file input.tsv (TSV, C-alpha atoms)
chain	number	residue	atom	x	y	z
A	8	MET	CA	0.00	0.00	0.00
A	9	ASP	CA	2.81	2.32	0.83
A	10	ASP	CA	4.33	1.63	-2.50
A	11	LYS	CA	1.11	2.40	-4.28
A	12	LEU	CA	0.68	5.61	-2.36
A	13	LEU	CA	4.23	6.71	-3.11
A	14	GLY	CA	3.72	5.91	-6.74
A	15	GLU	CA	6.55	3.44	-6.93
A	16	LYS	CA	6.51	0.89	-9.74
A	17	THR	CA	6.75	-2.48	-8.10
A	18	HIS	CA	7.83	-4.32	-11.21
A	19	TYR	CA	11.23	-2.66	-11.08
A	20	TYR	CA	12.26	-4.51	-7.89
A	21	CYS	CA	11.56	-7.74	-5.97
A	22	SER	CA	10.17	-7.69	-2.42
A	23	SER	CA	11.37	-10.37	0.07
A	24	SER	CA	8.23	-10.04	2.24
A	25	GLU	CA	5.96	-11.73	-0.22
A	26	GLY	CA	4.74	-15.39	0.31
A	27	GLU	CA	6.11	-18.56	-1.06
A	28	SER	CA	2.94	-19.03	-3.06
A	29	ASP	CA	4.10	-16.27	-5.30
A	30	GLU	CA	7.55	-17.75	-5.65
A	31	GLU	CA	7.25	-18.49	-9.31
A	32	ASN	CA	5.82	-15.06	-10.05
A	33	ASP	CA	8.51	-13.49	-7.95
A	34	CYS	CA	11.13	-15.43	-9.82
A	35	GLU	CA	9.74	-14.25	-13.07
A	36	ASN	CA	9.66	-10.70	-11.75
A	37	GLU	CA	13.17	-11.17	-10.50
A	38	GLY	CA	14.27	-12.12	-13.97
A	39	SER	CA	12.65	-9.06	-15.48
A	40	CYS	CA	13.95	-6.85	-12.73
A	41	SER	CA	17.42	-8.13	-13.10
A	42	LYS	CA	17.24	-7.48	-16.80
A	43	ALA	CA	15.89	-3.99	-16.29
A	44	GLN	CA	18.51	-3.14	-13.73
A	45	GLN	CA	21.40	-4.18	-15.94
A	46	PRO	CA	23.20	-1.20	-17.57
A	47	THR	CA	22.68	-0.82	-21.31
A	48	PHE	CA	25.52	0.08	-23.68
A	49	ILE	CA	24.94	3.12	-25.89
A	50	PRO	CA	27.31	3.51	-28.90
A	51	GLU	CA	29.51	6.55	-29.04
A	52	PRO	CA	28.02	7.91	-32.33
A	53	GLU	CA	24.59	7.93	-30.73
A	54	LEU	CA	26.01	9.80	-27.79
A	55	ARG	CA	27.43	12.42	-30.15
A	56	ASP	CA	24.10	12.74	-31.95
A	57	ASN	CA	22.27	13.13	-28.68
A	58	SER	CA	24.77	15.68	-27.45
A	59	LYS	CA	23.87	17.90	-30.41
A	60	HIS	CA	20.30	18.16	-29.24
A	61	CYS	CA	21.23	19.03	-25.68
A	62	THR	CA	20.36	22.59	-24.88
A	63	ASN	CA	20.87	24.80	-21.95
A	64	THR	CA	17.49	25.38	-20.34
A	65	GLY	CA	18.70	28.12	-18.04
A	66	PRO	CA	18.15	31.89	-18.44
A	67	LYS	CA	21.43	32.30	-20.35
A	68	GLY	CA	20.50	29.48	-22.69
A	69	VAL	CA	17.10	31.04	-23.40
A	70	ILE	CA	18.68	34.44	-24.16
A	71	LYS	CA	21.26	32.85	-26.40
A	72	ASP	CA	18.60	30.90	-28.29
A	73	TRP	CA	16.56	34.09	-28.71
A	74	GLN	CA	19.57	35.98	-30.08
A	75	ARG	CA	20.33	33.14	-32.47
A	76	TYR	CA	16.71	33.12	-33.60
A	77	LYS	CA	16.80	36.88	-34.27
A	78	GLN	CA	20.08	36.52	-36.17
A	79	LEU	CA	18.65	33.81	-38.38
A	80	GLU	CA	15.51	35.85	-38.88
A	81	THR	CA	17.56	38.92	-39.94
A	82	GLU	CA	19.71	36.89	-42.33
A	83	LYS	CA	16.63	35.35	-43.89
A	84	ARG	CA	15.00	38.78	-44.27
A	85	GLU	CA	18.14	40.18	-45.93
A	86	GLU	CA	18.34	37.22	-48.29
A	87	GLN	CA	14.67	37.62	-49.21
A	88	GLU	CA	15.19	41.34	-49.81
A	89	LYS	CA	18.18	40.63	-52.05
A	90	GLU	CA	16.21	38.09	-54.08
A	91	LYS	CA	13.37	40.59	-54.36
A	92	GLN	CA	15.68	43.33	-55.68
A	93	GLU	CA	17.21	40.94	-58.23
A	94	LEU	CA	13.74	39.92	-59.38
A	95	ILE	CA	12.66	43.56	-59.72
A	96	LYS	CA	15.80	44.35	-61.73
A	97	LYS	CA	15.24	41.36	-63.99
A	98	LEU	CA	11.61	42.27	-64.56
A	99	SER	CA	12.50	45.89	-65.31
A	100	MET	CA	14.90	44.69	-68.02
A	101	THR	CA	12.58	42.15	-69.61
A	102	CYS	CA	9.11	43.60	-69.13
A	103	ARG	CA	9.04	46.04	-72.05
A	104	SER	CA	5.94	46.94	-73.91
A	105	HIS	CA	5.60	47.53	-77.65
A	106	LEU	CA	5.25	51.25	-76.98
A	107	ASP	CA	8.58	51.29	-75.15
A	108	ASP	CA	10.28	49.60	-78.11
A	109	GLU	CA	8.70	52.04	-80.56
A	110	ALA	CA	9.73	55.02	-78.41
A	111	GLU	CA	13.32	53.78	-78.19
A	112	LYS	CA	13.38	53.10	-81.93
A	113	ALA	CA	12.08	56.60	-82.67
A	114	LYS	CA	14.70	58.04	-80.34
A	115	ASP	CA	17.48	56.12	-82.13
A	116	GLU	CA	16.19	57.23	-85.54
A	117	LYS	CA	16.09	60.86	-84.42
A	118	LEU	CA	19.63	60.55	-83.11
A	119	MET	CA	20.80	59.11	-86.43
A	120	ARG	CA	19.06	61.90	-88.37
A	121	ASP	CA	20.67	64.54	-86.19
A	122	LEU	CA	24.06	62.89	-86.66
A	123	GLU	CA	23.61	62.71	-90.45
A	124	GLU	CA	22.56	66.36	-90.60
A	125	GLU	CA	25.57	67.35	-88.53
A	126	LEU	CA	27.87	65.34	-90.78
A	127	ASP	CA	26.28	66.89	-93.88
A	128	GLU	CA	26.82	70.37	-92.47
A	129	MET	CA	30.42	69.54	-91.65
A	130	GLU	CA	30.92	68.09	-95.14
A	131	ASP	CA	29.33	71.15	-96.78
A	132	GLU	CA	31.54	73.46	-94.75
A	133	PHE	CA	34.60	71.38	-95.60
A	134	LEU	CA	33.78	71.33	-99.33
A	135	LYS	CA	33.07	75.05	-99.31
A	136	GLU	CA	36.33	75.77	-97.54
A	137	TYR	CA	38.23	73.42	-99.88
A	138	ARG	CA	36.64	75.01	-102.95
A	139	GLU	CA	37.49	78.52	-101.79
A	140	LYS	CA	41.04	77.45	-101.00
A	141	ARG	CA	41.37	75.77	-104.38
A	142	ILE	CA	40.04	78.83	-106.19
A	143	GLU	CA	42.49	81.04	-104.33
A	144	GLU	CA	45.37	78.73	-105.25
A	145	MET	CA	44.34	78.71	-108.90
A	146	ARG	CA	43.82	82.44	-108.92
A	147	LYS	CA	47.32	82.99	-107.59
A	148	ALA	CA	48.74	80.40	-109.99
A	149	LEU	CA	46.97	82.00	-112.95
A	150	GLN	CA	47.89	85.58	-112.16
A	151	ASN	CA	50.82	85.39	-114.57
A	152	VAL	CA	49.10	83.09	-117.05
A	153	PRO	CA	48.11	84.82	-120.29
A	154	LYS	CA	44.43	85.19	-121.10
A	155	PHE	CA	43.10	84.52	-124.60
A	156	GLY	CA	39.31	84.43	-124.91
A	157	CYS	CA	39.13	83.79	-128.68
A	158	VAL	CA	40.06	81.27	-131.37
A	159	TYR	CA	43.31	82.04	-133.20
A	160	GLU	CA	43.76	81.26	-136.89
A	161	LEU	CA	47.16	79.68	-137.46
A	162	ALA	CA	49.33	79.68	-140.54
A	163	ALA	CA	51.25	76.57	-141.42
A	164	ASP	CA	54.63	78.19	-140.74
A	165	LYS	CA	53.51	79.51	-137.33
A	166	TYR	CA	52.05	76.24	-136.13
A	167	VAL	CA	55.15	74.98	-134.30
A	168	ASP	CA	55.90	78.33	-132.67
A	169	ALA	CA	52.31	78.65	-131.43
A	170	ILE	CA	52.84	75.46	-129.46
A	171	ASP	CA	56.51	75.37	-128.45
A	172	LYS	CA	56.85	79.04	-127.49
A	173	GLU	CA	53.71	79.16	-125.37
A	174	ASN	CA	53.75	79.32	-121.58
A	175	PRO	CA	54.24	75.75	-120.19
A	176	VAL	CA	51.13	76.01	-118.01
A	177	VAL	CA	48.89	76.86	-120.98
A	178	THR	CA	46.88	74.13	-122.70
A	179	VAL	CA	46.77	74.60	-126.47
A	180	ILE	CA	43.86	73.06	-128.42
A	181	VAL	CA	44.20	73.07	-132.21
A	182	HIS	CA	41.26	72.37	-134.50
A	183	LEU	CA	42.16	70.90	-137.91
A	184	TYR	CA	39.28	71.69	-140.21
A	185	GLU	CA	37.99	72.16	-143.73
A	186	GLU	CA	35.32	74.69	-144.54
A	187	SER	CA	33.41	72.27	-146.77
A	188	VAL	CA	32.85	69.73	-143.98
A	189	PRO	CA	29.64	70.38	-141.91
A	190	GLY	CA	31.14	68.98	-138.71
A	191	CYS	CA	34.03	71.45	-138.92
A	192	VAL	CA	31.62	74.39	-139.11
A	193	ALA	CA	29.87	73.21	-135.93
A	194	MET	CA	33.20	72.67	-134.17
A	195	ASN	CA	34.38	76.21	-134.99
A	196	GLY	CA	31.24	77.66	-133.41
A	197	CYS	CA	31.65	75.48	-130.29
A	198	LEU	CA	35.27	76.51	-129.83
A	199	GLN	CA	34.31	80.20	-130.04
A	200	CYS	CA	32.00	79.69	-127.05
A	201	LEU	CA	34.52	77.63	-125.09
A	202	ALA	CA	37.28	80.18	-125.68
A	203	LYS	CA	35.24	82.79	-123.81
A	204	GLN	CA	34.32	80.34	-121.08
A	205	TYR	CA	37.91	79.15	-120.59
A	206	PRO	CA	40.13	82.22	-121.20
A	207	THR	CA	43.27	80.49	-119.90
A	208	VAL	CA	43.08	77.82	-122.62
A	209	LYS	CA	44.49	78.75	-126.03
A	210	PHE	CA	42.12	77.66	-128.81
A	211	CYS	CA	43.50	77.67	-132.38
A	212	ARG	CA	42.42	76.37	-135.76
A	213	LEU	CA	44.30	75.37	-138.88
A	214	LYS	CA	43.11	74.21	-142.26
A	215	ALA	CA	44.15	70.62	-142.89
A	216	SER	CA	45.01	71.40	-146.50
A	217	HIS	CA	47.37	74.20	-145.37
A	218	ALA	CA	49.15	71.87	-142.97
A	219	GLN	CA	50.28	69.71	-145.89
A	220	LEU	CA	48.22	66.77	-144.69
A	221	SER	CA	46.97	64.15	-147.10
A	222	PHE	CA	43.89	64.74	-149.18
A	223	ASN	CA	42.26	61.70	-147.63
A	224	PHE	CA	42.77	63.15	-144.13
A	225	SER	CA	41.41	66.54	-145.25
A	226	ILE	CA	38.20	64.84	-146.35
A	227	ASN	CA	37.74	61.97	-143.90
A	228	GLY	CA	39.87	62.90	-140.84
A	229	VAL	CA	38.28	66.23	-139.92
A	230	PRO	CA	37.06	67.69	-137.66
A	231	ALA	CA	40.08	66.81	-135.55
A	232	LEU	CA	41.35	68.22	-132.23
A	233	LEU	CA	45.02	68.14	-131.22
A	234	VAL	CA	45.79	69.07	-127.59
A	235	TYR	CA	49.29	70.20	-126.47
A	236	LYS	CA	50.86	71.15	-123.16
A	237	LYS	CA	54.52	71.96	-122.52
A	238	GLY	CA	55.11	71.34	-126.21
A	239	GLU	CA	53.94	67.72	-126.03
A	240	LEU	CA	50.88	66.13	-127.61
A	241	ILE	CA	48.53	64.96	-124.85
A	242	GLY	CA	45.36	64.45	-126.89
A	243	ASN	CA	44.67	63.40	-130.48
A	244	PHE	CA	41.04	63.04	-131.64
A	245	VAL	CA	40.20	62.65	-135.34
A	246	ARG	CA	36.91	62.42	-137.24
A	247	LEU	CA	34.88	63.67	-134.25
A	248	SER	CA	31.75	63.76	-136.40
A	249	ASP	CA	31.54	60.02	-135.69
A	250	ASP	CA	31.08	60.90	-132.01
A	251	PHE	CA	29.06	64.12	-132.26
A	252	GLY	CA	27.46	63.94	-135.69
A	253	ASP	CA	27.38	66.90	-138.06
A	254	ASP	CA	25.35	69.15	-135.74
A	255	PHE	CA	26.40	69.52	-132.10
A	256	PHE	CA	26.86	72.22	-129.48
A	257	ALA	CA	29.47	73.65	-127.12
A	258	PRO	CA	28.35	71.68	-124.01
A	259	ASP	CA	28.91	68.46	-125.96
A	260	VAL	CA	32.50	69.37	-126.78
A	261	GLU	CA	33.07	70.72	-123.27
A	262	ALA	CA	31.89	67.46	-121.66
A	263	PHE	CA	34.08	65.47	-124.06
A	264	LEU	CA	37.21	67.47	-123.21
A	265	GLN	CA	36.50	67.41	-119.48
A	266	GLU	CA	35.98	63.67	-119.61
A	267	HIS	CA	39.54	63.34	-120.89
A	268	GLY	CA	40.87	65.84	-118.33
A	269	LEU	CA	41.85	68.45	-120.91
A	270	LEU	CA	39.91	71.41	-119.46
A	271	PRO	CA	39.97	72.94	-115.97
A	272	GLU	CA	36.89	72.48	-113.81
A	273	SER	CA	34.17	74.88	-114.87
A	274	SER	CA	33.19	75.60	-111.22
A	275	LEU	CA	36.74	76.67	-110.41
A	276	VAL	CA	36.93	78.79	-113.56
A	277	SER	CA	33.64	80.47	-112.62
A	278	GLY	CA	34.96	81.11	-109.12
A	279	ILE	CA	38.13	82.65	-110.50
A	280	LYS	CA	36.11	84.85	-112.83
A	281	SER	CA	33.81	86.03	-110.06
A	282	SER	CA	36.73	86.75	-107.73
A	283	GLN	CA	38.52	88.66	-110.48
A	284	GLN	CA	35.36	90.64	-111.26
A	285	GLN	CA	34.97	91.43	-107.57
A	286	GLU	CA	38.56	92.61	-107.37
A	287	ASP	CA	38.11	94.68	-110.52
A	288	SER	CA	34.96	96.30	-109.13
A	289	ASP	CA	36.70	97.03	-105.82
A	290	SER	CA	39.67	98.57	-107.59
A	291	ASP	CA	37.38	100.72	-109.76
A	292	PHE	CA	35.57	101.91	-106.64
A	293	ASP	CA	38.87	102.84	-105.04
A	294	LEU	CA	39.89	104.82	-108.08
A	295	ASP	CA	36.61	106.72	-108.04
call {"tool": "encode", "arguments": {"input": "input.tsv", "output": "structure tokens"}}
result
Amino acid sequence: MDDKLLGEKTHYYCSSSEGESDEENDCENEGSCSKAQQPTFIPEPELRDNSKHCTNTGPKGVIKDWQRYKQLETEKREEQEKEKQELIKKLSMTCRSHLDDEAEKAKDEKLMRDLEEELDEMEDEFLKEYREKRIEEMRKALQNVPKFGCVYELAADKYVDAIDKENPVVTVIVHLYEESVPGCVAMNGCLQCLAKQYPTVKFCRLKASHAQLSFNFSINGVPALLVYKKGELIGNFVRLSDDFGDDFFAPDVEAFLQEHGLLPESSLVSGIKSSQQQEDSDSDFDLD
């Protein structure tokens, strides 16, 4: 009764005060008790595993656990915040609407147009500056060059002197012609116009029959143009009626000569003329 009141478990021990009638039961209980009272062996790995779960249940242990909990909570919050920022950044880069693409495309096109306009302005300024510089160089170079402005009729005995004794910078263009050939008549008229347009070029003409050329050349080889510079032949064009026909105009001959590089650029010649006219007008004003 005392054992029951104290809450003791009787099957963990054997009592000697019990009767012989319960001998067998007591022996059985003794066997179980003896087995229960024997120490059990716990492997060392299990002891280590159990030691990991041991915690300090005192006030210091509770405070330490609370601090560790707060630390883990802060680290987790920071990690979640970092993942959130990365996700926002990724979405901001990928979530683009069609309107955003169109706006960016329009912006790029406007930038390209502005750049092209700026380059065109720079190119125009460069070309303008280059042209003015080139005109000034030619004007200075041609200050001592003789001016002609008409077509000179040459005699056979003056033909060589008209070429060899001319200024080395002057281009001499000689037209071999016959009055009876229609193409020669057209060529004479074209050269009259070009002589006024290009005063620094010396235009001449000579009858083929007077130059002691063959009769066949006088009939079939004209109109012909011979171009000289520094006393050397740099261009030889015969029977030009095959290229121009019997009726042609000054721009046709001009384009032909420019194509072969035998005339100065018309734009530069016009610039030289305008600058000379401006200088002449300024000098006249000063004299007045």
call {"tool": "closest_residue", "arguments": {"input": "input.tsv", "among": "A:Lys77, A:Lys172, A:Lys165, A:Lys89", "to": "His217 of chain A", "atoms": "all atoms listed in the file"}}
result
A:Lys165
call {"tool": "closest_residue", "arguments": {"input": "input.tsv", "among": "A:Glu130, A:Glu261, A:Glu124, A:Glu160", "to": "Val181 of chain A", "atoms": "all atoms listed in the file"}}
result
A:Glu160
call {"tool": "closest_residue", "arguments": {"input": "input.tsv", "among": "A:Ala163, A:Leu122, A:Leu269, A:Val152", "to": "Ile241 of chain A", "atoms": "all atoms listed in the file"}}
result
A:Leu269
call {"tool": "residues_around", "arguments": {"input": "input.tsv", "residues": "Leu232 of chain A", "least_positions_apart": "6", "cutoff": "12 Å", "atoms": "all atoms listed in the file", "output": "PyMOL selection string"}}
result
chain A and resi 179-184+191+194-195+198+210-215+240-248+260+263-264+269
call {"tool": "closest_residue", "arguments": {"input": "input.tsv", "among": "A:Ile70, A:Glu272, A:Ala262, A:Arg120", "to": "Arg138 of chain A", "atoms": "all atoms listed in the file"}}
result
A:Glu272
call {"tool": "closest_residue", "arguments": {"input": "input.tsv", "among": "A:Ala202, A:Val188, A:Val69, A:Val158", "to": "Ala231 of chain A", "atoms": "only C-alpha atoms"}}
result
A:Val188
call {"tool": "atom_distance", "arguments": {"input": "input.tsv", "atom1": "atom CA of Gly268 of chain A", "atom2": "atom CA of Gln204 of chain A"}}
result
16.1 Å
call {"tool": "atom_distance", "arguments": {"input": "input.tsv", "atom1": "atom CA of Phe255 of chain A", "atom2": "atom CA of Pro230 of chain A"}}
result
12.2 Å
call {"tool": "build_atoms", "arguments": {"input": "input.tsv", "residues": "segment 221-237 of chain A", "atoms": "N, CA and C atoms", "output": "PDB file, in the frame of the given file"}}
result
ATOM      1  N   SER A 221      47.453  64.862-145.926  1.00  0.00           N
ATOM      2  CA  SER A 221      46.970  64.150-147.100  1.00  0.00           C
ATOM      3  C   SER A 221      45.554  64.576-147.449  1.00  0.00           C
ATOM      4  N   PHE A 222      45.229  64.393-148.722  1.00  0.00           N
ATOM      5  CA  PHE A 222      43.890  64.740-149.180  1.00  0.00           C
ATOM      6  C   PHE A 222      42.843  63.859-148.505  1.00  0.00           C
ATOM      7  N   ASN A 223      43.191  62.624-148.286  1.00  0.00           N
ATOM      8  CA  ASN A 223      42.260  61.700-147.630  1.00  0.00           C
ATOM      9  C   ASN A 223      41.956  62.179-146.209  1.00  0.00           C
ATOM     10  N   PHE A 224      43.001  62.640-145.485  1.00  0.00           N
ATOM     11  CA  PHE A 224      42.770  63.150-144.130  1.00  0.00           C
ATOM     12  C   PHE A 224      41.932  64.426-144.174  1.00  0.00           C
ATOM     13  N   SER A 225      42.163  65.283-145.154  1.00  0.00           N
ATOM     14  CA  SER A 225      41.410  66.540-145.250  1.00  0.00           C
ATOM     15  C   SER A 225      39.938  66.288-145.492  1.00  0.00           C
ATOM     16  N   ILE A 226      39.594  65.148-146.079  1.00  0.00           N
ATOM     17  CA  ILE A 226      38.200  64.840-146.350  1.00  0.00           C
ATOM     18  C   ILE A 226      37.585  63.978-145.258  1.00  0.00           C
ATOM     19  N   ASN A 227      38.301  62.964-144.821  1.00  0.00           N
ATOM     20  CA  ASN A 227      37.740  61.970-143.900  1.00  0.00           C
ATOM     21  C   ASN A 227      38.245  62.092-142.457  1.00  0.00           C
ATOM     22  N   GLY A 228      39.317  62.838-142.202  1.00  0.00           N
ATOM     23  CA  GLY A 228      39.870  62.900-140.840  1.00  0.00           C
ATOM     24  C   GLY A 228      39.394  64.078-140.017  1.00  0.00           C
ATOM     25  N   VAL A 229      38.738  65.050-140.638  1.00  0.00           N
ATOM     26  CA  VAL A 229      38.280  66.230-139.920  1.00  0.00           C
ATOM     27  C   VAL A 229      36.770  66.104-139.622  1.00  0.00           C
ATOM     28  N   PRO A 230      36.313  66.811-138.571  1.00  0.00           N
ATOM     29  CA  PRO A 230      37.060  67.690-137.660  1.00  0.00           C
ATOM     30  C   PRO A 230      37.948  66.881-136.713  1.00  0.00           C
ATOM     31  N   ALA A 231      39.125  67.453-136.439  1.00  0.00           N
ATOM     32  CA  ALA A 231      40.080  66.810-135.550  1.00  0.00           C
ATOM     33  C   ALA A 231      40.582  67.832-134.533  1.00  0.00           C
ATOM     34  N   LEU A 232      40.834  67.361-133.295  1.00  0.00           N
ATOM     35  CA  LEU A 232      41.350  68.220-132.230  1.00  0.00           C
ATOM     36  C   LEU A 232      42.688  67.637-131.751  1.00  0.00           C
ATOM     37  N   LEU A 233      43.705  68.497-131.746  1.00  0.00           N
ATOM     38  CA  LEU A 233      45.020  68.140-131.220  1.00  0.00           C
ATOM     39  C   LEU A 233      45.275  68.989-129.976  1.00  0.00           C
ATOM     40  N   VAL A 234      45.620  68.361-128.862  1.00  0.00           N
ATOM     41  CA  VAL A 234      45.790  69.070-127.590  1.00  0.00           C
ATOM     42  C   VAL A 234      47.255  68.958-127.169  1.00  0.00           C
ATOM     43  N   TYR A 235      47.867  70.135-126.829  1.00  0.00           N
ATOM     44  CA  TYR A 235      49.290  70.200-126.470  1.00  0.00           C
ATOM     45  C   TYR A 235      49.435  70.877-125.095  1.00  0.00           C
ATOM     46  N   LYS A 236      50.472  70.458-124.391  1.00  0.00           N
ATOM     47  CA  LYS A 236      50.860  71.150-123.160  1.00  0.00           C
ATOM     48  C   LYS A 236      52.351  70.913-122.952  1.00  0.00           C
ATOM     49  N   LYS A 237      53.069  71.999-122.657  1.00  0.00           N
ATOM     50  CA  LYS A 237      54.520  71.960-122.520  1.00  0.00           C
ATOM     51  C   LYS A 237      55.186  71.433-123.797  1.00  0.00           C
TER      52      LYS A 237
END
